[in-house]
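Asker: Before I ask anything, let me first share the structure, which is written out below as structure tokens.
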Amino acid sequence: MAQEKLSAQVPNAWLLDFGQSLRAAVGARVLLQIIDKPKLHEVPCTPPYCHSVLPWQGRLLPVMDLAARLTGVAQAAQYLVVAGYQEQPDEPVRFGALLLSSAPLVIAVADAQACPLPEQPAGWSQFACSCFEHQGAAIPVLHPGWIFSRPPEA
Amino acid sequence: MNTTALARPAASATSALLKISGLRLQLPQKEISALETADSVVKQDVQPHSIGWLQHARQRWPVYCLSQNLTLFDTVPAERRACVLLGAGNSFVGILCDDVSISQPSQNQPHELPPAMRLAQTPVLGLVATGDEGIACITSAEQLIAHVTRLAGM
């Protein structure tokens, strides 16, 4: 029991703020870098919520505005975070970048906090694989592969 | 106005870089059939959404002015000083550009367009970092001709 309480206190997630009261989380090992005022490059003929790329370590990462994706309203982003993920355990690591309205926070999350996904906005289930309660709010847990590796809906 | 054929170098892997405002488009040089000044474009009897025409291979081919978002402009910005005639099969289309340069194959690795940015009918086939910390969008004459043809509703 003492061991369980101890493990629950260890920060194991990042809390991400997308503005418009939209928040979500990713696992602690998903975020690789926080970038303030990055230089982005626009790409034409792309979705309004994912229209630029970030040069990063020899790669060009898609930059996703999840608030715009969920609500249609672009956020006043202040930060960019680089996320790394694998589609399958034996596949190479892939990368993407998320726009944020404020700096991410580290938090500790335990299984006992699990709860249903918020009903609004309706699109959370496309990007979140689970959800937990944090300070009275439901916080979806993002699956980066569902955000970055799926083509836009037709 | 008859067009002037570009000299074809022995190496077919050279690329042409079209500058359109802040956008740079890279395509194989061999897909450019002619290069003219914007003043050479005939502005009489124009097709809808085109800004004029060039004569090539005994036919008139429409010339279009694109924005850096690859939408059609009806009026021509002053910086569009060049016109490339793109050829794919038996189809030709003129595109106004600010500048056209020819380069040897880049040492930079081309990148696929990330899945989250890949709209069904995008003419952008990939991305490549350029030497000046910018990027170029990789395309082809076939893709660009199909794109402007769709936009013009032909």
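Chain identifiers are assigned as A, B, and so on, following the order in which chains appear in the structure tokens; residues are numbered from 1 within each chain, and ligands are numbered from 1 in order of appearance.
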Report as an mmCIF file with all heavy atoms, in the first residue's frame the set of chain B residues whose atoms approach chain A to within 12 Å, with distances computed over only C-alpha atoms.
Answerer:
data_model
loop_
_atom_site.group_PDB
_atom_site.id
_atom_site.type_symbol
_atom_site.label_atom_id
_atom_site.label_comp_id
_atom_site.auth_asym_id
_atom_site.auth_seq_id
_atom_site.Cartn_x
_atom_site.Cartn_y
_atom_site.Cartn_z
ATOM 1 N N ILE B 20 7.128 31.917 -55.495
ATOM 2 C CA ILE B 20 5.833 32.591 -55.602
ATOM 3 C C ILE B 20 5.555 33.236 -54.251
ATOM 4 O O ILE B 20 5.145 32.558 -53.309
ATOM 5 C CB ILE B 20 4.719 31.596 -55.990
ATOM 6 C CG1 ILE B 20 5.025 30.950 -57.346
ATOM 7 C CG2 ILE B 20 3.363 32.277 -55.997
ATOM 8 C CD1 ILE B 20 4.048 29.865 -57.766
ATOM 9 N N GLY B 22 6.084 34.021 -50.715
ATOM 10 C CA GLY B 22 6.885 33.298 -49.724
ATOM 11 C C GLY B 22 6.991 31.807 -49.977
ATOM 12 O O GLY B 22 7.607 31.079 -49.189
ATOM 13 N N LEU B 23 6.381 31.340 -51.035
ATOM 14 C CA LEU B 23 6.359 29.902 -51.334
ATOM 15 C C LEU B 23 7.451 29.537 -52.333
ATOM 16 O O LEU B 23 7.686 30.275 -53.291
ATOM 17 C CB LEU B 23 4.988 29.537 -51.913
ATOM 18 C CG LEU B 23 4.823 28.129 -52.474
ATOM 19 C CD1 LEU B 23 4.875 27.085 -51.345
ATOM 20 C CD2 LEU B 23 3.509 28.006 -53.235
ATOM 21 N N ARG B 24 8.083 28.409 -52.101
ATOM 22 C CA ARG B 24 9.018 27.874 -53.088
ATOM 23 C C ARG B 24 8.561 26.478 -53.502
ATOM 24 O O ARG B 24 8.325 25.615 -52.647
ATOM 25 C CB ARG B 24 10.430 27.855 -52.525
ATOM 26 C CG ARG B 24 11.082 29.225 -52.664
ATOM 27 C CD ARG B 24 12.429 29.285 -52.078
ATOM 28 N NE ARG B 24 12.346 29.318 -50.612
ATOM 29 C CZ ARG B 24 13.382 29.522 -49.835
ATOM 30 N NH1 ARG B 24 14.574 29.663 -50.337
ATOM 31 N NH2 ARG B 24 13.235 29.565 -48.528
ATOM 32 N N LEU B 25 8.437 26.292 -54.780
ATOM 33 C CA LEU B 25 8.006 25.007 -55.342
ATOM 34 C C LEU B 25 9.170 24.387 -56.092
ATOM 35 O O LEU B 25 9.797 25.046 -56.921
ATOM 36 C CB LEU B 25 6.839 25.203 -56.308
ATOM 37 C CG LEU B 25 5.510 25.648 -55.729
ATOM 38 C CD1 LEU B 25 4.529 25.956 -56.868
ATOM 39 C CD2 LEU B 25 4.923 24.570 -54.817
ATOM 40 N N LEU B 66 -0.874 32.427 -59.286
ATOM 41 C CA LEU B 66 -1.197 31.762 -58.024
ATOM 42 C C LEU B 66 -0.688 32.589 -56.849
ATOM 43 O O LEU B 66 0.319 33.290 -56.940
ATOM 44 C CB LEU B 66 -0.541 30.376 -57.976
ATOM 45 C CG LEU B 66 -1.041 29.353 -58.992
ATOM 46 C CD1 LEU B 66 -0.133 28.117 -58.985
ATOM 47 C CD2 LEU B 66 -2.483 28.950 -58.690
ATOM 48 N N SER B 67 -1.389 32.448 -55.723
ATOM 49 C CA SER B 67 -0.917 33.024 -54.463
ATOM 50 C C SER B 67 0.064 32.050 -53.822
ATOM 51 O O SER B 67 0.226 30.912 -54.291
ATOM 52 C CB SER B 67 -2.090 33.261 -53.521
ATOM 53 O OG SER B 67 -2.567 32.007 -53.037
ATOM 54 N N GLN B 68 0.682 32.468 -52.714
ATOM 55 C CA GLN B 68 1.589 31.539 -52.029
ATOM 56 C C GLN B 68 0.825 30.403 -51.351
ATOM 57 O O GLN B 68 1.419 29.427 -50.914
ATOM 58 C CB GLN B 68 2.453 32.281 -51.023
ATOM 59 C CG GLN B 68 1.707 32.914 -49.886
ATOM 60 C CD GLN B 68 2.661 33.603 -48.921
ATOM 61 O OE1 GLN B 68 3.872 33.662 -49.135
ATOM 62 N NE2 GLN B 68 2.114 34.115 -47.842
ATOM 63 N N ASN B 69 -0.505 30.528 -51.280
ATOM 64 C CA ASN B 69 -1.330 29.418 -50.787
ATOM 65 C C ASN B 69 -1.841 28.541 -51.919
ATOM 66 O O ASN B 69 -2.669 27.663 -51.701
ATOM 67 C CB ASN B 69 -2.516 29.963 -49.989
ATOM 68 C CG ASN B 69 -2.074 30.706 -48.757
ATOM 69 O OD1 ASN B 69 -1.150 30.277 -48.070
ATOM 70 N ND2 ASN B 69 -2.719 31.822 -48.472
ATOM 71 N N LEU B 70 -1.378 28.835 -53.117
ATOM 72 C CA LEU B 70 -1.758 28.096 -54.324
ATOM 73 C C LEU B 70 -3.242 28.229 -54.648
ATOM 74 O O LEU B 70 -3.871 27.312 -55.166
ATOM 75 C CB LEU B 70 -1.349 26.607 -54.226
ATOM 76 C CG LEU B 70 0.153 26.359 -54.221
ATOM 77 C CD1 LEU B 70 0.442 24.851 -54.166
ATOM 78 C CD2 LEU B 70 0.821 26.971 -55.444
ATOM 79 N N THR B 71 -3.790 29.415 -54.318
ATOM 80 C CA THR B 71 -5.119 29.769 -54.805
ATOM 81 C C THR B 71 -4.933 30.684 -56.016
ATOM 82 O O THR B 71 -3.846 31.241 -56.222
ATOM 83 C CB THR B 71 -5.940 30.493 -53.724
ATOM 84 O OG1 THR B 71 -5.213 31.647 -53.294
ATOM 85 C CG2 THR B 71 -6.184 29.569 -52.539
ATOM 86 N N ASN B 108 20.017 17.813 -49.406
ATOM 87 C CA ASN B 108 19.039 17.654 -48.327
ATOM 88 C C ASN B 108 18.046 16.549 -48.647
ATOM 89 O O ASN B 108 17.590 16.425 -49.779
ATOM 90 C CB ASN B 108 18.295 18.975 -48.090
ATOM 91 C CG ASN B 108 19.206 20.045 -47.545
ATOM 92 O OD1 ASN B 108 20.116 19.738 -46.783
ATOM 93 N ND2 ASN B 108 18.993 21.282 -47.953
ATOM 94 N N GLN B 109 17.722 15.809 -47.617
ATOM 95 C CA GLN B 109 16.809 14.678 -47.756
ATOM 96 C C GLN B 109 15.379 15.172 -47.982
ATOM 97 O O GLN B 109 14.882 15.994 -47.225
ATOM 98 C CB GLN B 109 16.861 13.872 -46.456
ATOM 99 C CG GLN B 109 15.825 12.795 -46.353
ATOM 100 C CD GLN B 109 16.451 11.427 -46.418
ATOM 101 O OE1 GLN B 109 17.659 11.287 -46.361
ATOM 102 N NE2 GLN B 109 15.618 10.429 -46.513
ATOM 103 N N PRO B 110 14.711 14.677 -49.031
ATOM 104 C CA PRO B 110 13.294 15.037 -49.157
ATOM 105 C C PRO B 110 12.460 14.313 -48.097
ATOM 106 O O PRO B 110 12.791 13.201 -47.688
ATOM 107 C CB PRO B 110 12.932 14.555 -50.561
ATOM 108 C CG PRO B 110 13.950 13.537 -50.910
ATOM 109 C CD PRO B 110 15.189 13.834 -50.118
ATOM 110 N N HIS B 111 11.417 14.982 -47.643
ATOM 111 C CA HIS B 111 10.539 14.404 -46.618
ATOM 112 C C HIS B 111 9.151 14.199 -47.220
ATOM 113 O O HIS B 111 8.678 15.047 -47.995
ATOM 114 C CB HIS B 111 10.407 15.347 -45.418
ATOM 115 C CG HIS B 111 11.719 15.688 -44.777
ATOM 116 N ND1 HIS B 111 12.220 14.993 -43.697
ATOM 117 C CD2 HIS B 111 12.639 16.643 -45.058
ATOM 118 C CE1 HIS B 111 13.385 15.516 -43.353
ATOM 119 N NE2 HIS B 111 13.668 16.503 -44.159
ATOM 120 N N GLU B 112 8.506 13.130 -46.803
ATOM 121 C CA GLU B 112 7.108 12.959 -47.192
ATOM 122 C C GLU B 112 6.273 14.037 -46.509
ATOM 123 O O GLU B 112 6.618 14.493 -45.413
ATOM 124 C CB GLU B 112 6.589 11.589 -46.743
ATOM 125 C CG GLU B 112 7.054 10.446 -47.592
ATOM 126 C CD GLU B 112 6.320 9.167 -47.226
ATOM 127 O OE1 GLU B 112 5.600 9.163 -46.212
ATOM 128 O OE2 GLU B 112 6.474 8.185 -47.957
ATOM 129 N N LEU B 113 5.185 14.444 -47.142
ATOM 130 C CA LEU B 113 4.246 15.327 -46.469
ATOM 131 C C LEU B 113 3.629 14.530 -45.317
ATOM 132 O O LEU B 113 3.133 13.426 -45.520
ATOM 133 C CB LEU B 113 3.160 15.769 -47.460
ATOM 134 C CG LEU B 113 2.238 16.895 -47.002
ATOM 135 C CD1 LEU B 113 3.010 18.187 -46.790
ATOM 136 C CD2 LEU B 113 1.133 17.108 -48.014
ATOM 137 N N PRO B 114 3.678 15.051 -44.078
ATOM 138 C CA PRO B 114 3.127 14.288 -42.948
ATOM 139 C C PRO B 114 1.660 13.908 -43.185
ATOM 140 O O PRO B 114 0.901 14.697 -43.760
ATOM 141 C CB PRO B 114 3.266 15.263 -41.769
ATOM 142 C CG PRO B 114 4.397 16.159 -42.148
ATOM 143 C CD PRO B 114 4.284 16.319 -43.639
ATOM 144 N N PRO B 115 1.254 12.715 -42.763
ATOM 145 C CA PRO B 115 -0.120 12.261 -43.026
ATOM 146 C C PRO B 115 -1.188 13.246 -42.571
ATOM 147 O O PRO B 115 -2.182 13.445 -43.274
ATOM 148 C CB PRO B 115 -0.213 10.953 -42.235
ATOM 149 C CG PRO B 115 1.186 10.456 -42.151
ATOM 150 C CD PRO B 115 2.052 11.681 -42.077
ATOM 151 N N ALA B 116 -0.988 13.897 -41.431
ATOM 152 C CA ALA B 116 -2.017 14.808 -40.907
ATOM 153 C C ALA B 116 -2.206 16.040 -41.793
ATOM 154 O O ALA B 116 -3.188 16.765 -41.655
ATOM 155 C CB ALA B 116 -1.653 15.251 -39.491
ATOM 156 N N MET B 117 -1.255 16.292 -42.695
ATOM 157 C CA MET B 117 -1.328 17.471 -43.561
ATOM 158 C C MET B 117 -1.762 17.122 -44.977
ATOM 159 O O MET B 117 -1.880 18.003 -45.827
ATOM 160 C CB MET B 117 0.060 18.148 -43.623
ATOM 161 C CG MET B 117 0.637 18.484 -42.292
ATOM 162 S SD MET B 117 2.281 19.231 -42.400
ATOM 163 C CE MET B 117 1.836 20.925 -42.739
ATOM 164 N N ARG B 118 -2.004 15.835 -45.213
ATOM 165 C CA ARG B 118 -2.153 15.345 -46.588
ATOM 166 C C ARG B 118 -3.618 15.370 -47.028
ATOM 167 O O ARG B 118 -4.338 14.386 -46.873
ATOM 168 C CB ARG B 118 -1.596 13.921 -46.650
ATOM 169 C CG ARG B 118 -0.871 13.588 -47.925
ATOM 170 C CD ARG B 118 -0.272 12.209 -47.851
ATOM 171 N NE ARG B 118 0.884 12.110 -46.974
ATOM 172 C CZ ARG B 118 1.375 10.972 -46.497
ATOM 173 N NH1 ARG B 118 0.788 9.823 -46.791
ATOM 174 N NH2 ARG B 118 2.439 10.980 -45.722
ATOM 175 N N LEU B 119 -4.052 16.489 -47.603
ATOM 176 C CA LEU B 119 -5.399 16.543 -48.161
ATOM 177 C C LEU B 119 -5.438 15.729 -49.455
ATOM 178 O O LEU B 119 -4.416 15.573 -50.133
ATOM 179 C CB LEU B 119 -5.805 17.992 -48.429
ATOM 180 C CG LEU B 119 -6.013 18.855 -47.177
ATOM 181 C CD1 LEU B 119 -6.281 20.305 -47.570
ATOM 182 C CD2 LEU B 119 -7.153 18.321 -46.325
ATOM 183 N N ALA B 120 -6.629 15.268 -49.795
ATOM 184 C CA ALA B 120 -6.747 14.306 -50.892
ATOM 185 C C ALA B 120 -6.204 14.839 -52.213
ATOM 186 O O ALA B 120 -5.578 14.104 -52.970
ATOM 187 C CB ALA B 120 -8.202 13.893 -51.045
ATOM 188 N N GLN B 121 -6.437 16.119 -52.496
ATOM 189 C CA GLN B 121 -6.068 16.628 -53.820
ATOM 190 C C GLN B 121 -4.914 17.620 -53.764
ATOM 191 O O GLN B 121 -4.798 18.488 -54.644
ATOM 192 C CB GLN B 121 -7.277 17.270 -54.483
ATOM 193 C CG GLN B 121 -8.383 16.235 -54.766
ATOM 194 C CD GLN B 121 -9.543 16.824 -55.507
ATOM 195 O OE1 GLN B 121 -9.950 17.930 -55.229
ATOM 196 N NE2 GLN B 121 -10.084 16.074 -56.446
ATOM 197 N N THR B 122 -4.064 17.487 -52.775
ATOM 198 C CA THR B 122 -2.945 18.428 -52.682
ATOM 199 C C THR B 122 -1.943 18.204 -53.815
ATOM 200 O O THR B 122 -1.640 17.060 -54.160
ATOM 201 C CB THR B 122 -2.221 18.294 -51.332
ATOM 202 O OG1 THR B 122 -1.101 19.201 -51.334
ATOM 203 C CG2 THR B 122 -1.708 16.877 -51.085
ATOM 204 N N PRO B 123 -1.423 19.290 -54.383
ATOM 205 C CA PRO B 123 -0.351 19.128 -55.372
ATOM 206 C C PRO B 123 1.022 18.982 -54.721
ATOM 207 O O PRO B 123 2.012 18.782 -55.420
ATOM 208 C CB PRO B 123 -0.424 20.439 -56.162
ATOM 209 C CG PRO B 123 -0.953 21.436 -55.191
ATOM 210 C CD PRO B 123 -1.868 20.682 -54.267
ATOM 211 N N VAL B 124 1.093 19.096 -53.401
ATOM 212 C CA VAL B 124 2.376 19.004 -52.694
ATOM 213 C C VAL B 124 2.684 17.529 -52.428
ATOM 214 O O VAL B 124 1.952 16.851 -51.718
ATOM 215 C CB VAL B 124 2.344 19.798 -51.374
ATOM 216 C CG1 VAL B 124 3.682 19.677 -50.648
ATOM 217 C CG2 VAL B 124 2.020 21.265 -51.637
ATOM 218 N N LEU B 125 3.765 17.071 -53.026
ATOM 219 C CA LEU B 125 4.134 15.659 -52.893
ATOM 220 C C LEU B 125 5.078 15.419 -51.726
ATOM 221 O O LEU B 125 5.181 14.304 -51.209
ATOM 222 C CB LEU B 125 4.809 15.182 -54.178
ATOM 223 C CG LEU B 125 3.956 15.312 -55.443
ATOM 224 C CD1 LEU B 125 4.794 15.011 -56.674
ATOM 225 C CD2 LEU B 125 2.761 14.382 -55.363
ATOM 226 N N GLY B 126 5.795 16.448 -51.317
ATOM 227 C CA GLY B 126 6.757 16.291 -50.230
ATOM 228 C C GLY B 126 7.372 17.630 -49.898
ATOM 229 O O GLY B 126 6.990 18.676 -50.461
ATOM 230 N N LEU B 127 8.323 17.612 -48.979
ATOM 231 C CA LEU B 127 8.984 18.838 -48.520
ATOM 232 C C LEU B 127 10.483 18.595 -48.508
ATOM 233 O O LEU B 127 10.938 17.472 -48.303
ATOM 234 C CB LEU B 127 8.507 19.198 -47.104
ATOM 235 C CG LEU B 127 7.001 19.363 -46.900
ATOM 236 C CD1 LEU B 127 6.669 19.475 -45.414
ATOM 237 C CD2 LEU B 127 6.483 20.577 -47.649
ATOM 238 N N VAL B 128 11.217 19.682 -48.682
ATOM 239 C CA VAL B 128 12.667 19.564 -48.571
ATOM 240 C C VAL B 128 13.202 20.850 -47.948
ATOM 241 O O VAL B 128 12.727 21.953 -48.274
ATOM 242 C CB VAL B 128 13.315 19.285 -49.952
ATOM 243 C CG1 VAL B 128 13.093 20.427 -50.924
ATOM 244 C CG2 VAL B 128 14.791 18.967 -49.801
ATOM 245 N N ALA B 129 14.125 20.687 -47.005
ATOM 246 C CA ALA B 129 14.759 21.862 -46.404
ATOM 247 C C ALA B 129 15.714 22.465 -47.416
ATOM 248 O O ALA B 129 16.377 21.750 -48.168
ATOM 249 C CB ALA B 129 15.497 21.457 -45.138
ATOM 250 N N THR B 130 15.761 23.780 -47.444
ATOM 251 C CA THR B 130 16.678 24.460 -48.352
ATOM 252 C C THR B 130 17.841 25.034 -47.546
ATOM 253 O O THR B 130 17.796 25.099 -46.328
ATOM 254 C CB THR B 130 15.949 25.581 -49.120
ATOM 255 O OG1 THR B 130 15.324 26.446 -48.178
ATOM 256 C CG2 THR B 130 14.908 25.002 -50.040
ATOM 257 N N GLU B 133 17.681 27.807 -44.461
ATOM 258 C CA GLU B 133 16.793 27.510 -43.337
ATOM 259 C C GLU B 133 15.320 27.622 -43.719
ATOM 260 O O GLU B 133 14.461 27.758 -42.861
ATOM 261 C CB GLU B 133 17.093 28.411 -42.138
ATOM 262 C CG GLU B 133 18.497 28.213 -41.582
ATOM 263 C CD GLU B 133 18.727 29.014 -40.319
ATOM 264 O OE1 GLU B 133 17.936 29.923 -40.023
ATOM 265 O OE2 GLU B 133 19.712 28.707 -39.630
ATOM 266 N N GLY B 134 15.045 27.597 -45.017
ATOM 267 C CA GLY B 134 13.663 27.588 -45.453
ATOM 268 C C GLY B 134 13.284 26.194 -45.925
ATOM 269 O O GLY B 134 14.037 25.224 -45.734
ATOM 270 N N ILE B 135 12.114 26.086 -46.507
ATOM 271 C CA ILE B 135 11.698 24.814 -47.091
ATOM 272 C C ILE B 135 11.173 25.067 -48.499
ATOM 273 O O ILE B 135 10.783 26.177 -48.842
ATOM 274 C CB ILE B 135 10.606 24.099 -46.269
ATOM 275 C CG1 ILE B 135 9.303 24.907 -46.260
ATOM 276 C CG2 ILE B 135 11.080 23.810 -44.866
ATOM 277 C CD1 ILE B 135 8.094 24.099 -45.835
ATOM 278 N N ALA B 136 11.163 24.012 -49.283
ATOM 279 C CA ALA B 136 10.512 24.039 -50.591
ATOM 280 C C ALA B 136 9.504 22.902 -50.626
ATOM 281 O O ALA B 136 9.720 21.850 -50.008
ATOM 282 C CB ALA B 136 11.540 23.871 -51.710
ATOM 283 N N CYS B 137 8.409 23.151 -51.321
ATOM 284 C CA CYS B 137 7.396 22.108 -51.495
ATOM 285 C C CYS B 137 7.691 21.378 -52.803
ATOM 286 O O CYS B 137 7.814 22.011 -53.861
ATOM 287 C CB CYS B 137 6.007 22.728 -51.551
ATOM 288 S SG CYS B 137 5.528 23.528 -50.006
ATOM 289 N N ILE B 138 7.797 20.074 -52.721
ATOM 290 C CA ILE B 138 8.076 19.268 -53.906
ATOM 291 C C ILE B 138 6.761 18.993 -54.632
ATOM 292 O O ILE B 138 5.773 18.580 -54.012
ATOM 293 C CB ILE B 138 8.745 17.938 -53.512
ATOM 294 C CG1 ILE B 138 10.069 18.215 -52.784
ATOM 295 C CG2 ILE B 138 8.975 17.064 -54.732
ATOM 296 C CD1 ILE B 138 10.653 16.988 -52.110
ATOM 297 N N THR B 139 6.760 19.258 -55.913
ATOM 298 C CA THR B 139 5.555 19.018 -56.691
ATOM 299 C C THR B 139 5.969 18.506 -58.066
ATOM 300 O O THR B 139 7.138 18.150 -58.278
ATOM 301 C CB THR B 139 4.703 20.306 -56.791
ATOM 302 O OG1 THR B 139 3.465 20.003 -57.430
ATOM 303 C CG2 THR B 139 5.419 21.408 -57.545
ATOM 304 N N LEU B 144 0.594 20.135 -60.522
ATOM 305 C CA LEU B 144 0.237 21.554 -60.577
ATOM 306 C C LEU B 144 -0.811 21.830 -61.650
ATOM 307 O O LEU B 144 -1.736 22.610 -61.450
ATOM 308 C CB LEU B 144 1.486 22.395 -60.839
ATOM 309 C CG LEU B 144 2.262 22.889 -59.616
ATOM 310 C CD1 LEU B 144 3.428 23.770 -60.056
ATOM 311 C CD2 LEU B 144 1.374 23.655 -58.654
ATOM 312 N N HIS B 147 -4.036 20.738 -60.351
ATOM 313 C CA HIS B 147 -4.505 21.642 -59.302
ATOM 314 C C HIS B 147 -5.135 22.903 -59.900
ATOM 315 O O HIS B 147 -6.256 23.275 -59.541
ATOM 316 C CB HIS B 147 -3.324 21.999 -58.398
ATOM 317 C CG HIS B 147 -3.670 22.956 -57.309
ATOM 318 N ND1 HIS B 147 -4.465 22.601 -56.227
ATOM 319 C CD2 HIS B 147 -3.345 24.268 -57.123
ATOM 320 C CE1 HIS B 147 -4.601 23.654 -55.435
ATOM 321 N NE2 HIS B 147 -3.945 24.661 -55.948
ATOM 322 N N LEU B 151 -9.018 24.293 -59.851
ATOM 323 C CA LEU B 151 -9.383 25.615 -59.342
ATOM 324 C C LEU B 151 -10.123 26.428 -60.392
ATOM 325 O O LEU B 151 -11.053 27.170 -60.078
ATOM 326 C CB LEU B 151 -8.126 26.376 -58.899
ATOM 327 C CG LEU B 151 -7.383 25.850 -57.680
ATOM 328 C CD1 LEU B 151 -6.160 26.716 -57.405
ATOM 329 C CD2 LEU B 151 -8.269 25.820 -56.445
#
Asker: Got a sec to tell me which of range 6-79 of chain B DSSP assigns to strand (DSSP E or B), as a ChimeraX atom specification?
Answerer: /B:15-20,23-28,32-37,42,52-56,59-66,72-73
Asker: Let's have the selection written as a CSV table (one decimal), in the first residue's frame, with N, CA and C atoms.
Answerer:
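Saved file result25.csv follows:
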chain,number,residue,atom,x,y,z
B,15,SER,N,16.7,20.3,-60.7
B,15,SER,CA,15.4,20.8,-60.3
B,15,SER,C,15.3,22.2,-60.6
B,16,ALA,N,14.0,22.6,-60.8
B,16,ALA,CA,13.7,24.0,-60.9
B,16,ALA,C,13.0,24.5,-59.6
B,17,LEU,N,13.3,25.7,-59.2
B,17,LEU,CA,12.7,26.2,-58.0
B,17,LEU,C,11.9,27.4,-58.4
B,18,LEU,N,10.6,27.4,-58.2
B,18,LEU,CA,9.7,28.5,-58.5
B,18,LEU,C,9.4,29.2,-57.3
B,19,LYS,N,9.7,30.5,-57.3
B,19,LYS,CA,9.4,31.4,-56.1
B,19,LYS,C,8.1,32.1,-56.4
B,20,ILE,N,7.1,31.9,-55.5
B,20,ILE,CA,5.8,32.6,-55.6
B,20,ILE,C,5.6,33.2,-54.3
B,23,LEU,N,6.4,31.3,-51.0
B,23,LEU,CA,6.4,29.9,-51.3
B,23,LEU,C,7.5,29.5,-52.3
B,24,ARG,N,8.1,28.4,-52.1
B,24,ARG,CA,9.0,27.9,-53.1
B,24,ARG,C,8.6,26.5,-53.5
B,25,LEU,N,8.4,26.3,-54.8
B,25,LEU,CA,8.0,25.0,-55.3
B,25,LEU,C,9.2,24.4,-56.1
B,26,GLN,N,9.4,23.1,-55.8
B,26,GLN,CA,10.5,22.4,-56.5
B,26,GLN,C,9.9,21.3,-57.4
B,27,LEU,N,10.3,21.3,-58.6
B,27,LEU,CA,9.9,20.3,-59.5
B,27,LEU,C,11.0,20.0,-60.5
B,28,PRO,N,11.0,18.8,-61.2
B,28,PRO,CA,12.0,18.5,-62.1
B,28,PRO,C,12.1,19.5,-63.2
B,32,ILE,N,9.6,21.7,-67.2
B,32,ILE,CA,9.4,23.1,-67.6
B,32,ILE,C,9.7,23.1,-69.1
B,33,SER,N,8.7,23.4,-69.9
B,33,SER,CA,8.8,23.4,-71.3
B,33,SER,C,9.4,24.7,-71.9
B,34,ALA,N,9.1,25.8,-71.1
B,34,ALA,CA,9.5,27.1,-71.6
B,34,ALA,C,9.6,28.1,-70.4
B,35,LEU,N,10.4,29.1,-70.6
B,35,LEU,CA,10.5,30.1,-69.6
B,35,LEU,C,10.4,31.5,-70.3
B,36,GLU,N,9.4,32.3,-69.9
B,36,GLU,CA,9.2,33.6,-70.5
B,36,GLU,C,9.1,34.7,-69.4
B,37,THR,N,9.2,35.9,-69.9
B,37,THR,CA,8.9,37.0,-68.9
B,37,THR,C,7.4,37.1,-68.8
B,42,VAL,N,0.2,36.9,-73.4
B,42,VAL,CA,-0.8,37.7,-74.2
B,42,VAL,C,-2.1,37.8,-73.3
B,52,GLY,N,-4.0,35.2,-69.0
B,52,GLY,CA,-3.6,35.4,-70.4
B,52,GLY,C,-3.2,34.0,-70.9
B,53,TRP,N,-2.5,34.1,-72.0
B,53,TRP,CA,-2.1,32.8,-72.6
B,53,TRP,C,-0.7,32.9,-73.3
B,54,LEU,N,-0.1,31.8,-73.5
B,54,LEU,CA,1.1,31.7,-74.3
B,54,LEU,C,0.9,30.7,-75.4
B,55,GLN,N,1.6,30.9,-76.5
B,55,GLN,CA,1.5,29.9,-77.6
B,55,GLN,C,2.6,29.0,-77.6
B,56,HIS,N,2.3,27.7,-77.7
B,56,HIS,CA,3.4,26.7,-77.6
B,56,HIS,C,2.9,25.5,-78.4
B,59,GLN,N,-0.4,25.9,-80.2
B,59,GLN,CA,-1.7,26.0,-79.5
B,59,GLN,C,-1.5,27.1,-78.5
B,60,ARG,N,-2.6,27.7,-78.0
B,60,ARG,CA,-2.6,28.6,-76.9
B,60,ARG,C,-2.8,27.8,-75.6
B,61,TRP,N,-2.0,28.2,-74.6
B,61,TRP,CA,-2.2,27.5,-73.3
B,61,TRP,C,-2.4,28.6,-72.3
B,62,PRO,N,-3.3,28.4,-71.4
B,62,PRO,CA,-3.7,29.4,-70.4
B,62,PRO,C,-2.5,29.6,-69.4
B,63,VAL,N,-2.4,30.9,-68.9
B,63,VAL,CA,-1.5,31.2,-67.9
B,63,VAL,C,-2.2,31.6,-66.6
B,64,TYR,N,-1.8,31.1,-65.5
B,64,TYR,CA,-2.5,31.4,-64.2
B,64,TYR,C,-1.5,32.1,-63.3
B,65,CYS,N,-2.1,33.0,-62.4
B,65,CYS,CA,-1.4,33.6,-61.3
B,65,CYS,C,-1.8,33.0,-60.0
B,66,LEU,N,-0.9,32.4,-59.3
B,66,LEU,CA,-1.2,31.8,-58.0
B,66,LEU,C,-0.7,32.6,-56.8
B,72,LEU,N,-6.0,30.8,-56.8
B,72,LEU,CA,-5.9,31.6,-58.0
B,72,LEU,C,-6.0,33.1,-57.7
B,73,PHE,N,-5.2,33.9,-58.3
B,73,PHE,CA,-5.3,35.4,-58.3
B,73,PHE,C,-5.9,35.8,-59.6
Asker: Quick one: residues within 8 Å of range 116-120 of chain A, only C-alpha atoms counted, chain neighbours fewer than 2 positions away excluded, as a ChimeraX atom specification?
Answerer: /A:114,122-125,130-132,138-140
Asker: Could you check how far CA of Trp14 in chain A sits from CA of Lys37 in chain A, in Å to one decimal?
Answerer: 19.8 Å
Asker: Which of chain B counts as helix (DSSP H, G or I) under DSSP, as a PyMOL selection string please?
Answerer: chain B and resi 29-31+38-40+115-117+141-152
Asker: Would you mind listing what lies within 10 Å of Gly27 in chain A as an MDAnalysis selection string, with only C-alpha atoms counted and same-chain residues fewer than 4 positions away left out?
Answerer: chainID A and resid 11:15 31 83 106:107 109 141:143
Asker: Can you pull out the residues contacting Glu87 in chain A? Cut-off 9 Å, using only C-alpha atoms, and skip same-chain residues under 2 positions away; I want them as an MDAnalysis selection string.
Answerer: chainID A and resid 85 89:94 144:146 149
Asker: Quick one, how far is CA of Arg81 in chain B from CA of Gln107 in chain B?
Answerer: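 We find that CA of Arg81 in chain B and CA of Gln107 in chain B lie 28.7 Å from each other.
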Asker: May I ask which of the residues B:Ala141, B:Val76, B:Ile51, B:Ala38 is the closest one to Gly89 in chain B, counting only C-alpha atoms?
Answerer: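 When distances to Gly89 in chain B are compared using only C-alpha atoms, the smallest one comes from B:Ala141.
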